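Structure record follows, encoded as structure tokens.
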Amino acid sequence: MMKSHEWSDSGTIVEWMTAENGLYVLALVLALFCRLWLLGKAPLSDKEAGLALQSLGIAHRESPSLLGPHPGYLLLTAVSFFLMGSNEFAARIWPALAGILLVLAPILFKRYLGRGPALALAFVLALDPGLNAASRQAGDLMLAVVSVVMAFGFLLKSNQSGLGIFTALALLSGPQAWEGLLGLAIAGTIIYIYHPNIWSRASIIGGPEGEDFRPKWKNGVLWFLVVLVAVGTLFFLVPNGLSAAVGSLVSYIQGWAQPTSTSILAIILALVFYEVLILLVGIWGLFWGLIHREPLDLFLIVWFLISIILCVAYPARQVSDVVWSLLPLSALAVRQAFRLISELRERLVPSLVASVPVVTFLIFIWMMFVSLSVPGTPQEVLQNRWLAFLMAILLLGLAFGLIWWGWSLQVARSGYWLGFAFILAIYTLSAGWNAAGLGERPDLEIWRGDAYFQDADLMVSTIGDVSEWNDRSRWGIDIAIVGLDSPAVKWALRNYSNTENVDVLAVDRSPSLLITADQKEPAVAASYTGQNFTWRQSLAWPLMFPTEWGRWLAVREAPSEKQVIVLWVRSDLFPGTASLNGSANTGR
């Protein structure tokens, strides 16, 4: 008899579309929406634009003498630029596709996790705030994550072709792949020492002992070489891509000697404020695993702890590096959730009924918390809201006692954690929306890899208007970027072919437009009119105190740090305006 996941010559779609596979498709659709919706809306940051500009040069057949240590992203994005044009969507499409593919990774580990937990893990990966944020940023992190995880999964399945393909992609995925490989290798080695048979079916699901999981290396090596050469050289168009793959290891090692501006507090807050549900249930599963000492739980625990240690200890860390720890943490959380659900079956109905007042009180508590964060509230109103807030907490505790008295302690406990889980799940979806940069203040999100270019579209629109007034083309005007090293600005002006970057503007030069830092006025400023644009905007960490964090958590309002740039337009270019002599008029 044909199994549900096998293909035949007839009726293949009907046989494949079981309920389980249909749910995997649903998880995939959710991942598609979360990763691709308004993917090109946000302007590229300096970090993103630096990589995108290299890819754009490759797409324009400008062979780089030295390729950055991110060959996988750079070369694949050059293909997307060639096919779709140079835009923000094309710059981010490969990380987004990698994030979508990651949703299918639990299928490779189904024999260890179990069918239900593997399916639930697919939905967790599809909706996770941190993974969504990382998937929507131009860079090689998600390419590294999916390559390492898939290679590990195919290794356990003895699929030599898949192992070879994704091992090659991992080596091309830049320095962050080495952090994931190192954490996984250390965790695997530690757990193998204590449980040598951990990856046999007998140790996980009671299957036959002695099964050989060692892959046959011949096909694996062949696929490894084919993918490494094809992708790593872009079919021999960029031969130095292979040397860049080696350079990624060197870059990762050098990162251990490079300081970073990312604090450990930012990593902790990214977990607490965005991943609170997974974090709480995952830690619950962590303690359960330590007590019961199941080999798979122990492996996930060690992998999670090693990943956190590497992320915190790495001097060149970024907040997004914590996604390596989200993978084992999510698996721990899912396994613990299924244990709790299995214990809940006998008292499911009363537990659901008991969760109703919990959800009601928690919604009211959150509404009061948000209202307390509104600035300018009169003191009398504020006192009444504080009273209502504290009374709701008291009633929440009182309801627990009444449910215990009316039913049982088990029903009260189950009802409460069901209610809290429901509210935290809604909160996680909201946090994921904000982390993806789709909220009203994307510049204030902790998961952002770099400062937000707030006025990029406005600046480009202004330049286009001036160009159209004078050259009858939105792209023909000449621009000089003076003393400003910003990949984000260069990316924003990528369609203006008559653009130059200079450290100092010669006195006898007077280009139509100048772009400078706010503190730097050109020597010929008397002949120009300037307008400020917000260039870099980000969360002001030194000004964040408990009150500010409460307001940020409730309504995403917080102090921000801003850096501006000045667009200088030669005064004689304004319609109906003669050339001005005298001091410059500025819009600052």
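Chain labels run A, B, ... following the order of the structure tokens; each chain numbers its residues from 1, and ligands are numbered from 1 in the order shown.
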Discussion item. Report as JSON, numbers by chain all protein, DNA and RNA residues lying within 12 Å of stretch 106-116 of chain A, evaluated on only C-alpha atoms, omitting residues in the same chain fewer than 5 positions from it.
Written reply: {"A": [5, 19, 20, 21, 23, 24, 25, 27, 28, 101, 121, 122, 123, 124, 125, 126, 146, 149, 150, 151, 152, 153, 154, 155, 156, 157, 158, 159, 162, 163, 198, 199, 200, 201, 202, 203, 204, 205, 206, 207, 294, 295, 296, 297, 299, 300, 327, 328, 330, 331, 332, 333, 334, 335, 336, 337, 338, 339, 341, 342]}
Worksheet item: Got a sec to tell me which of stretch 150-299 of chain A DSSP assigns to helix (DSSP H, G or I), as a ChimeraX atom specification?
Response: /A:150-156,160-171,175-194,201-205,217-232,241-257,264-274,276-292,295-299
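Of the listed residues A:Ile283, A:Phe273, A:Ser510, A:Ala316, the one whose atoms come nearest to A:Phe304 is A:Ile283, with distances taken using only C-alpha atoms.
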Worksheet item: Which of these, A:Gly376, A:Pro442, A:Gly130, A:Gly22, has the shortest distance to A:Arg35 once you count only C-alpha atoms?
Response: A:Gly130
Practice prompt. Within 9 Å of stretch 370-372 of chain A, counting only C-alpha atoms, which residues show up once you throw out same-chain ones fewer than 4 positions away? Write them as a list in words, please.
Written response: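 Counting only the stated atoms, we get Ile365, Trp366, Thr377, Leu382, Arg385, Trp386, Gly550, Arg551, Leu553, Ala554 and Val555 of chain A.
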Worksheet item: What's the 7 Å shell around A:Ser135, counting only C-alpha atoms, without same-chain residues fewer than 4 positions away, as a PyMOL selection string?
Response: chain A and resi 35+95-96+99+131+142
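Between A:Ile267 and the candidates A:Ala244, A:Leu348, A:Leu305, A:Asp321, the tightest atom-to-atom separation, counting only C-alpha atoms, involves A:Asp321.
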Discussion item. Residues within 9 Å of A:Trp217, please, as a list of chain:residue names. Count only C-alpha atoms; anything in the same chain fewer than 6 positions from it doesn't count.
Written reply: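 So the residues in contact are A:Gln160, A:Ser161, A:Gly164.
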Atoms kept (C-alpha atoms) for selection, written as a PDB file, in the first residue's frame:
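This is the output file selection-v6.pdb:
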```
ATOM      1  CA  GLN A 160      23.633  12.511   1.019  1.00  0.00           C
ATOM      2  CA  SER A 161      22.370  14.754  -1.792  1.00  0.00           C
ATOM      3  CA  GLY A 164      25.939  18.071   0.138  1.00  0.00           C
TER       4      GLY A 164
END
```
Worksheet item: Within 9 Å of A:Leu362, counting only C-alpha atoms, which residues qualify if same-chain residues fewer than 2 places away don't, as number ranges by chain?
Response: A: 357-360, 364-367, 392-393, 396, 419-420, 423
Practice prompt. Can you work out which one of A:Phe453, A:Trp404, A:Trp417, A:Trp491 has the shortest atom-to-atom distance to A:Ala42, counting only C-alpha atoms?
Written response: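 Comparing A:Phe453, A:Trp404, A:Trp417, A:Trp491 against A:Ala42, the winner is A:Phe453.
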Worksheet item: What gap, in Å, lies between atom CA of A:Gly437 and atom CA of A:Thr547?
Response: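 Atom-to-atom, atom CA of A:Gly437 to atom CA of A:Thr547, that is 23.4 Å.
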Item to complete: Could you jot down the atom CA of A:Ile268 to atom CA of A:Asp450 separation for me, Å, one decimal place?
Response: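 Rounded to one decimal, the two atoms are 17.6 Å apart.
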Worksheet item: In Å to one decimal, how far is atom CA of A:Trp284 from atom CA of A:Val302?
Response: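 We find that atom CA of A:Val302 and atom CA of A:Trp284 lie 14.8 Å from each other.
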